[in-house]
2 protein chains.
Amino acid sequence: MGNRAGRRGQLIVLSGPSGVGKSTVIAELFSQRENLYFSVSFTTRKPRAGEEEGISYHFVDVAEFQRMISAGELLEYAQYVDNYYGTSLKLIQEQLDRGIDVLLDIEVQGAAVVREKCPGAVLIFIVPPSYEELARRLRGRNTDDEPVILGRLRQAREECRRAMEYDYLVVNESVSRAAADIQAILRAQECRIQNQMQFIEGVL
Amino acid sequence: MGNRAGRRGQLIVLSGPSGVGKSTVIAELFSQRENLYFSVSFTTRKPRAGEEEGISYHFVDVAEFQRMISAGELLEYAQYVDNYYGTSLKLIQEQLDRGIDVLLDIEVQGAAVVREKCPGAVLIFIVPPSYEELARRLRGRNTDDEPVILGRLRQAREECRRAMEYDYLVVNESVSRAAADIQAILRAQECRIQNQMQFIEGVL
């Protein structure tokens with residue numbers, strides 16, 4: 001697109017409760033969209049069966065993770081149970097500088113940090129069409145027993161409370177519609193006046 | 001769309017310099033989109049050949065227009081040369097209340113008034129891909145002689161300076177792309193968190 005040549009990529013944060021179908025929506029987005037880079041998190045957690053280095057996560061040890069923290073190499077990081085999870089600032093900036101949009105799949109706490117450090121980031125929260133539907137989806141996966149599911153539902157309610165801190169809310173009623181909503185959001189963001197200043201100056 | 005039931009319509013303001021192809025883009029939008037209402041301006045100007053009451057404009061006399069001003073029935077109005085032009089607040093609100101989006105095709109001054117009175121309105125400015133292209137389009141219409149065209153180009157430059165007051169900038173490189181940009185903007189606006197509060201409360 002001629003008029004958008006030379007533009008920086010957009011930083012996109014996607015969050016949503018467990019069971020909302022976020023990874024399916026993300027996969028659908030990547031099947032439709034070029035010029036989009038998925039930021040793979042760094043973690044100190046051990047790989048589970050089937051998880052691959054550089055695809056599921058970048059697996060590092062605690063010493064290396066702490067070095068990254070000290071060196072300021074992480075945009076955000078968090079500790080869950082005994083494991084660290086974090087996002088590499090350098091990898092993201094390389095892509096953005098090349099005009100490539102970067103998608104982060106992170107939790108609400110991490111999203112709040114990105115909001116603060118990168119005011120231009122677009123924050124999207126994905127929700128289920130209803131609480132009942134989320135419960136149905138979590139039970140349908142047959143991966144967790146009932147106490148775990150109830151815990152996830154409680155957590156989902158907490159997370160949804162923080163949806164107000166996001167720019168956009170996408171309802172995952174169907175994967176195709178949720179992906180189309182996100183596509184529209186990204187296209188609209190490109191038209192936002194703050195992202196078009198270079199063009200305006202050119203026309204003037 | 002279940003989750004958007006009961007929502008209010010969106011007020012959309014479209015502005016852009018003469019010759020940018022705004023009416024073609026608007027016609028394309030209306031061919032694609034239901035649930036969109038075009039706000040026809042009121043004017044005291046006499047109808048030109050081919051102009052129809054209620055389609056081009058609502059034609060009223062000066063006394064009636066001044067009555068509308070006094071009665072607070074106009075969202076915005078302006079005087080050009082000896083004629084008044086204005087937008088009926090009542091007609092717009094009726095549509096918005098019914099959940100129908102309303103499109104206003106107004107000048108930058110009017111847009112500034114709408115911005116102030118309706119903070120939720122979406123302001124979109126349409127520009128040509130370049131100044132040269134605008135000059136080419138204006139000359140290609142063969143309707144104006146050179147001094148008029150130069151006047152319009154000067155005015156276009158003035159208007160583009162005020163594009164920064166808008167939310168979005170759409171480049172009319174092709175009608176289909178400009179219309180698709182606007183469609184994306186409207187879809188994204190529906191996902192904006194402020195427009196989803198009702199849904200969030202429902203899920204919680």
# chains A, B, ... in the order shown; residues from 1 in each chain; ligands from 1

$ interface_residues --of "chain A" --to "chain B" --cutoff "10 Å" --atoms "only C-alpha atoms" --output "MDAnalysis selection string"
chainID A and resid 1:3 123:125 127:132 156:158 160:171 173 180:197 199:204

$ select_by_dssp --residues "stretch 111-192 of chain A" --states "helix (DSSP H, G or I)" --output "PyMOL selection string"
chain A and resi 111-117+131-140+146-165+175-191

$ residues_around --residues "stretch 53-65 of chain B" --least-positions-apart "6" --cutoff "10 Å" --atoms "only C-alpha atoms" --output "ChimeraX atom specification"
/B:38-47,71,73-74,77,83-88

$ write_last_selection --atoms "C-alpha atoms" --output "PDB file, in the first residue's frame"
ATOM      1  CA  PHE B  38     -27.788   9.308   5.399  1.00  0.00           C
ATOM      2  CA  SER B  39     -28.506  12.616   7.074  1.00  0.00           C
ATOM      3  CA  VAL B  40     -29.845  14.977   4.411  1.00  0.00           C
ATOM      4  CA  SER B  41     -28.983  18.600   5.206  1.00  0.00           C
ATOM      5  CA  PHE B  42     -31.446  21.446   5.396  1.00  0.00           C
ATOM      6  CA  THR B  43     -30.667  24.462   3.243  1.00  0.00           C
ATOM      7  CA  THR B  44     -32.123  27.806   2.285  1.00  0.00           C
ATOM      8  CA  ARG B  45     -30.424  27.609  -1.099  1.00  0.00           C
ATOM      9  CA  LYS B  46     -32.730  27.236  -4.128  1.00  0.00           C
ATOM     10  CA  PRO B  47     -32.787  23.751  -5.701  1.00  0.00           C
ATOM     11  CA  ALA B  71     -35.777  26.093  18.582  1.00  0.00           C
ATOM     12  CA  GLU B  73     -33.435  21.791  16.290  1.00  0.00           C
ATOM     13  CA  LEU B  74     -30.061  21.871  14.522  1.00  0.00           C
ATOM     14  CA  TYR B  77     -25.328  24.830  10.830  1.00  0.00           C
ATOM     15  CA  ASN B  83     -27.273  30.426   2.171  1.00  0.00           C
ATOM     16  CA  TYR B  84     -27.730  28.443   5.345  1.00  0.00           C
ATOM     17  CA  TYR B  85     -26.920  24.742   5.611  1.00  0.00           C
ATOM     18  CA  GLY B  86     -27.705  22.663   8.685  1.00  0.00           C
ATOM     19  CA  THR B  87     -28.226  19.233  10.189  1.00  0.00           C
ATOM     20  CA  SER B  88     -31.419  18.267  11.996  1.00  0.00           C
TER      21      SER B  88
END

$ closest_residue --among "A:Gly9, A:Gly19, A:Gly151, A:Gly72" --to "A:Leu134" --atoms "only C-alpha atoms"
A:Gly19

$ residues_around --residues "B:Arg141" --least-positions-apart "5" --cutoff "12 Å" --atoms "only C-alpha atoms" --output "PyMOL selection string"
chain B and resi 18-21+134-136+146+149
